[in-house]
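K.L.:
My structure file target.pdb, PDB, C-alpha atoms, is below:
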ATOM      1  CA  MET A 164       1.751  16.180 101.044  1.00  0.00           C
ATOM      2  CA  ASN A 165      -1.090  16.849  98.667  1.00  0.00           C
ATOM      3  CA  THR A 166      -0.008  18.307  95.333  1.00  0.00           C
ATOM      4  CA  ASP A 167      -3.489  19.411  94.231  1.00  0.00           C
ATOM      5  CA  PRO A 168      -5.466  20.959  97.092  1.00  0.00           C
ATOM      6  CA  ILE A 169      -8.472  21.865  94.906  1.00  0.00           C
ATOM      7  CA  ALA A 170      -8.846  18.267  93.733  1.00  0.00           C
ATOM      8  CA  ASP A 171      -8.605  17.155  97.377  1.00  0.00           C
ATOM      9  CA  TYR A 172     -11.346  19.668  98.294  1.00  0.00           C
ATOM     10  CA  LEU A 173     -13.650  18.371  95.554  1.00  0.00           C
ATOM     11  CA  THR A 174     -12.905  14.724  96.402  1.00  0.00           C
ATOM     12  CA  ARG A 175     -13.673  15.226 100.091  1.00  0.00           C
ATOM     13  CA  ILE A 176     -17.039  16.795  99.258  1.00  0.00           C
ATOM     14  CA  ARG A 177     -17.792  14.119  96.648  1.00  0.00           C
ATOM     15  CA  ASN A 178     -16.935  11.262  99.039  1.00  0.00           C
ATOM     16  CA  ALA A 179     -18.836  12.746 101.981  1.00  0.00           C
ATOM     17  CA  SER A 180     -21.874  13.297  99.771  1.00  0.00           C
ATOM     18  CA  ALA A 181     -21.755   9.714  98.480  1.00  0.00           C
ATOM     19  CA  ALA A 182     -21.465   8.430 102.067  1.00  0.00           C
ATOM     20  CA  ARG A 183     -24.425  10.656 103.103  1.00  0.00           C
ATOM     21  CA  LYS A 184     -22.361  12.499 105.711  1.00  0.00           C
ATOM     22  CA  LYS A 185     -23.882  15.631 107.217  1.00  0.00           C
ATOM     23  CA  VAL A 186     -20.627  17.531 107.768  1.00  0.00           C
ATOM     24  CA  VAL A 187     -17.250  17.383 106.051  1.00  0.00           C
ATOM     25  CA  GLU A 188     -14.032  18.984 107.356  1.00  0.00           C
ATOM     26  CA  ILE A 189     -11.521  20.346 104.868  1.00  0.00           C
ATOM     27  CA  PRO A 190      -8.169  22.112 105.418  1.00  0.00           C
ATOM     28  CA  ALA A 191      -8.663  25.798 104.635  1.00  0.00           C
ATOM     29  CA  SER A 192      -7.098  28.124 102.094  1.00  0.00           C
ATOM     30  CA  LYS A 193      -8.256  31.386 100.505  1.00  0.00           C
ATOM     31  CA  VAL A 194      -9.325  29.668  97.271  1.00  0.00           C
ATOM     32  CA  LYS A 195     -11.221  26.957  99.135  1.00  0.00           C
ATOM     33  CA  ARG A 196     -12.968  29.595 101.250  1.00  0.00           C
ATOM     34  CA  ALA A 197     -14.060  31.449  98.114  1.00  0.00           C
ATOM     35  CA  MET A 198     -15.295  28.215  96.516  1.00  0.00           C
ATOM     36  CA  THR A 199     -17.226  27.331  99.682  1.00  0.00           C
ATOM     37  CA  GLU A 200     -18.895  30.747  99.734  1.00  0.00           C
ATOM     38  CA  ILE A 201     -19.938  30.306  96.087  1.00  0.00           C
ATOM     39  CA  LEU A 202     -21.394  26.849  96.811  1.00  0.00           C
ATOM     40  CA  PHE A 203     -23.355  28.341  99.733  1.00  0.00           C
ATOM     41  CA  ASP A 204     -24.600  31.333  97.709  1.00  0.00           C
ATOM     42  CA  GLN A 205     -25.762  29.010  94.915  1.00  0.00           C
ATOM     43  CA  GLY A 206     -27.618  26.767  97.398  1.00  0.00           C
ATOM     44  CA  TYR A 207     -25.540  23.598  97.062  1.00  0.00           C
ATOM     45  CA  ILE A 208     -24.569  23.411 100.743  1.00  0.00           C
ATOM     46  CA  THR A 209     -26.623  24.115 103.863  1.00  0.00           C
ATOM     47  CA  ASN A 210     -24.033  25.986 105.894  1.00  0.00           C
ATOM     48  CA  PHE A 211     -20.304  26.411 106.422  1.00  0.00           C
ATOM     49  CA  LYS A 212     -17.985  27.517 109.185  1.00  0.00           C
ATOM     50  CA  PHE A 213     -14.363  28.621 109.159  1.00  0.00           C
ATOM     51  CA  GLU A 214     -12.418  27.504 112.219  1.00  0.00           C
ATOM     52  CA  GLU A 215      -8.971  28.841 112.956  1.00  0.00           C
ATOM     53  CA  ASP A 216      -6.315  26.609 114.462  1.00  0.00           C
ATOM     54  CA  ASN A 217      -2.580  27.083 114.877  1.00  0.00           C
ATOM     55  CA  LYS A 218      -2.005  25.966 111.286  1.00  0.00           C
ATOM     56  CA  GLN A 219      -4.060  26.868 108.227  1.00  0.00           C
ATOM     57  CA  GLY A 220      -7.560  26.495 109.639  1.00  0.00           C
ATOM     58  CA  ILE A 221     -10.451  24.159 108.886  1.00  0.00           C
ATOM     59  CA  ILE A 222     -13.590  24.616 106.811  1.00  0.00           C
ATOM     60  CA  LYS A 223     -16.610  22.704 108.112  1.00  0.00           C
ATOM     61  CA  ILE A 224     -19.245  22.270 105.417  1.00  0.00           C
ATOM     62  CA  ALA A 225     -22.798  21.070 106.138  1.00  0.00           C
ATOM     63  CA  LEU A 226     -23.929  19.197 103.031  1.00  0.00           C
ATOM     64  CA  LYS A 227     -27.426  19.636 101.634  1.00  0.00           C
ATOM     65  CA  TYR A 228     -29.805  16.782 100.795  1.00  0.00           C
ATOM     66  CA  ASN A 229     -33.380  16.610  99.492  1.00  0.00           C
ATOM     67  CA  ASN A 230     -35.743  16.181 102.470  1.00  0.00           C
ATOM     68  CA  SER A 231     -37.940  13.492 100.928  1.00  0.00           C
ATOM     69  CA  THR A 232     -35.605  11.502  98.668  1.00  0.00           C
ATOM     70  CA  LYS A 233     -32.288  12.092 100.530  1.00  0.00           C
ATOM     71  CA  VAL A 234     -30.558  12.779  97.201  1.00  0.00           C
ATOM     72  CA  PRO A 235     -27.521  15.079  97.553  1.00  0.00           C
ATOM     73  CA  ALA A 236     -27.835  18.609  96.173  1.00  0.00           C
ATOM     74  CA  ILE A 237     -24.373  18.179  94.642  1.00  0.00           C
ATOM     75  CA  THR A 238     -24.729  15.461  92.016  1.00  0.00           C
ATOM     76  CA  LYS A 239     -21.459  15.915  90.132  1.00  0.00           C
ATOM     77  CA  LEU A 240     -18.186  17.672  90.902  1.00  0.00           C
ATOM     78  CA  GLN A 241     -15.556  17.847  88.207  1.00  0.00           C
ATOM     79  CA  ARG A 242     -12.272  19.678  87.872  1.00  0.00           C
ATOM     80  CA  ALA A 243     -11.669  20.992  84.360  1.00  0.00           C
ATOM     81  CA  SER A 244      -8.253  22.622  84.708  1.00  0.00           C
ATOM     82  CA  ARG A 245      -5.671  20.654  86.635  1.00  0.00           C
ATOM     83  CA  PRO A 246      -1.971  21.213  87.366  1.00  0.00           C
ATOM     84  CA  GLY A 247      -0.831  18.873  84.574  1.00  0.00           C
ATOM     85  CA  LEU A 248      -3.241  20.255  81.971  1.00  0.00           C
ATOM     86  CA  ARG A 249      -4.299  23.870  82.392  1.00  0.00           C
ATOM     87  CA  LYS A 250      -7.346  25.101  80.484  1.00  0.00           C
ATOM     88  CA  TYR A 251      -7.787  28.755  79.675  1.00  0.00           C
ATOM     89  CA  CYS A 252     -10.773  30.382  77.990  1.00  0.00           C
ATOM     90  CA  ALA A 253     -12.158  33.819  77.293  1.00  0.00           C
ATOM     91  CA  ALA A 254     -15.253  35.039  79.114  1.00  0.00           C
ATOM     92  CA  SER A 255     -17.299  34.643  75.933  1.00  0.00           C
ATOM     93  CA  GLU A 256     -16.199  30.987  75.561  1.00  0.00           C
ATOM     94  CA  MET A 257     -17.178  29.904  79.082  1.00  0.00           C
ATOM     95  CA  PRO A 258     -18.513  26.314  79.072  1.00  0.00           C
ATOM     96  CA  ARG A 259     -22.132  25.677  80.059  1.00  0.00           C
ATOM     97  CA  VAL A 260     -22.584  23.303  82.965  1.00  0.00           C
ATOM     98  CA  LEU A 261     -25.595  20.960  82.792  1.00  0.00           C
ATOM     99  CA  ASN A 262     -27.060  23.082  79.985  1.00  0.00           C
ATOM    100  CA  GLY A 263     -27.135  26.181  82.177  1.00  0.00           C
ATOM    101  CA  LEU A 264     -28.485  24.521  85.345  1.00  0.00           C
ATOM    102  CA  GLY A 265     -25.103  23.920  86.979  1.00  0.00           C
ATOM    103  CA  VAL A 266     -22.421  26.284  88.196  1.00  0.00           C
ATOM    104  CA  ALA A 267     -18.890  26.720  86.872  1.00  0.00           C
ATOM    105  CA  ILE A 268     -16.437  28.125  89.408  1.00  0.00           C
ATOM    106  CA  VAL A 269     -13.550  29.932  87.736  1.00  0.00           C
ATOM    107  CA  SER A 270     -10.438  31.684  88.963  1.00  0.00           C
ATOM    108  CA  THR A 271      -9.926  35.113  87.428  1.00  0.00           C
ATOM    109  CA  SER A 272      -7.754  38.134  88.052  1.00  0.00           C
ATOM    110  CA  LYS A 273     -10.690  39.511  90.093  1.00  0.00           C
ATOM    111  CA  GLY A 274     -10.756  36.394  92.304  1.00  0.00           C
ATOM    112  CA  VAL A 275     -12.756  33.180  92.368  1.00  0.00           C
ATOM    113  CA  ILE A 276     -16.219  33.759  90.850  1.00  0.00           C
ATOM    114  CA  THR A 277     -18.968  31.870  89.050  1.00  0.00           C
ATOM    115  CA  GLY A 278     -18.887  31.405  85.279  1.00  0.00           C
ATOM    116  CA  LYS A 279     -21.970  33.588  84.822  1.00  0.00           C
ATOM    117  CA  LYS A 280     -20.348  36.502  86.641  1.00  0.00           C
ATOM    118  CA  ALA A 281     -17.199  36.057  84.550  1.00  0.00           C
ATOM    119  CA  GLU A 282     -19.230  36.359  81.338  1.00  0.00           C
ATOM    120  CA  LYS A 283     -20.578  39.794  82.407  1.00  0.00           C
TER     121      LYS A 283
END
Please rewrite the model in this file as structure tokens.
P.N.:
Amino acid sequence: MNTDPIADYLTRIRNASAARKKVVEIPASKVKRAMTEILFDQGYITNFKFEEDNKQGIIKIALKYNNSTKVPAITKLQRASRPGLRKYCAASEMPRVLNGLGVAIVSTSKGVITGKKAEK
């Protein structure tokens, strides 16, 4: 039993990217689906597919790499707020990721959105 499904999601993507895998399979949930859609919209993954099974479903993510150098599009994945140490911040105090070049994914009362959308 995994106690932190978001950390498991990030670790699976991080490990598959480091191993240069083309596709990674992750157990699905609503939050993970929203995070996957954000990663796709921001251009960090090539494609994704939700497959239903008799349980919770599976998310298949096609990872994106640079054509010439084979460097992964996702260079760093980090979880800021975790179950043992929650971090809360106002929309005006949203942290900048990679000096504005990265994407922060935040959970709000309106759902899972990017940090830039949360600031607006």
K.L.:
Would you list the residues near (-22.9, 15.0, 105.3) (no more than 8 Å away, in the coordinates of the file, using all atoms listed in the file) as an MDAnalysis selection string?
P.N.:
chainID A and resid 179:180 182:187 225:227
K.L.:
Edge lengths and centre, in Å to one decimal, as AutoDock Vina command-line options: that's what I need for the box along x, y and z that holds all listed atoms of stretch 215-225 of chain A plus 6 Å on each side.
P.N.:
--center_x -12.4 --center_y 25.0 --center_z 110.1 --size_x 32.8 --size_y 19.8 --size_z 21.5
K.L.:
Would you mind telling me which residue in A:Lys195, A:Asn178, A:Ile268, A:Ile208 lies nearest to A:Tyr228 when using only C-alpha atoms?
P.N.:
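That would be A:Ile208, the residue with the smallest distance to A:Tyr228.
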K.L.:
When you count all atoms listed in the file, which of these residues is closest to A:Thr277: A:Ile201, A:Pro258, A:Lys223, A:Lys239?
P.N.:
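Among A:Ile201, A:Pro258, A:Lys223, A:Lys239, it is A:Ile201 that comes nearest to A:Thr277.
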K.L.:
Excluding A:Val269 and its own-chain neighbours fewer than 2 positions away, which residues fall within 10 Å of it when counting only C-alpha atoms? Please give them as a CSV table (one decimal) with C-alpha atoms, keeping the file's coordinate frame.
P.N.:
chain,number,residue,atom,x,y,z
A,198,MET,CA,-15.3,28.2,96.5
A,243,ALA,CA,-11.7,21.0,84.4
A,244,SER,CA,-8.3,22.6,84.7
A,251,TYR,CA,-7.8,28.8,79.7
A,257,MET,CA,-17.2,29.9,79.1
A,266,VAL,CA,-22.4,26.3,88.2
A,267,ALA,CA,-18.9,26.7,86.9
A,271,THR,CA,-9.9,35.1,87.4
A,274,GLY,CA,-10.8,36.4,92.3
A,275,VAL,CA,-12.8,33.2,92.4
A,276,ILE,CA,-16.2,33.8,90.8
A,277,THR,CA,-19.0,31.9,89.0
A,278,GLY,CA,-18.9,31.4,85.3
A,279,LYS,CA,-22.0,33.6,84.8
A,280,LYS,CA,-20.3,36.5,86.6
A,281,ALA,CA,-17.2,36.1,84.6
K.L.:
Applying 9 Å and all atoms listed in the file, which residues near A:Ile176 remain after dropping the ones on its own chain fewer than 5 positions away? List them as an MDAnalysis selection string.
P.N.:
chainID A and resid 171 181 187:189 224 226 237 240
K.L.:
In Å, how far is it from atom CA of A:Ala236 to atom CA of A:Gly206?
P.N.:
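So the answer is 8.3 Å.
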K.L.:
One number please: atom CA of A:Gln205 to atom CA of A:Leu261, in Å, one decimal.
P.N.:
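Interatomic distance here is 14.6 Å.
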K.L.:
What is the distance between atom CA of A:Thr209 and atom CA of A:Gln241, in Å to one decimal?
P.N.:
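Rounded to one decimal, the two atoms are 20.2 Å apart.
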K.L.:
Pick out the closest residue to A:Ile222 from this set: A:Thr199, A:Asn262, A:Ser255, A:Asn165. Count only C-alpha atoms.
P.N.:
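Ranking A:Thr199, A:Asn262, A:Ser255, A:Asn165 by distance to A:Ile222, first place goes to A:Thr199.
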K.L.:
Please determine, counting only C-alpha atoms, which residue among A:Val260, A:Leu248, A:Ile221, A:Ala254 has the shortest atom-to-atom distance to A:Ser192.
P.N.:
A:Ile221
K.L.:
I need the residue nearest A:Lys283 from this list: A:Pro246, A:Glu256, A:Lys218, A:Leu264. Use only C-alpha atoms for the distance.
P.N.:
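Under the stated criterion, the closest residue is A:Glu256.
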K.L.:
When distances are computed from only C-alpha atoms, which of A:Leu202, A:Ala197, A:Ala191, A:Thr232 shows the smallest separation from A:Glu214?
P.N.:
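Counting only C-alpha atoms, the residue closest to A:Glu214 is A:Ala191.
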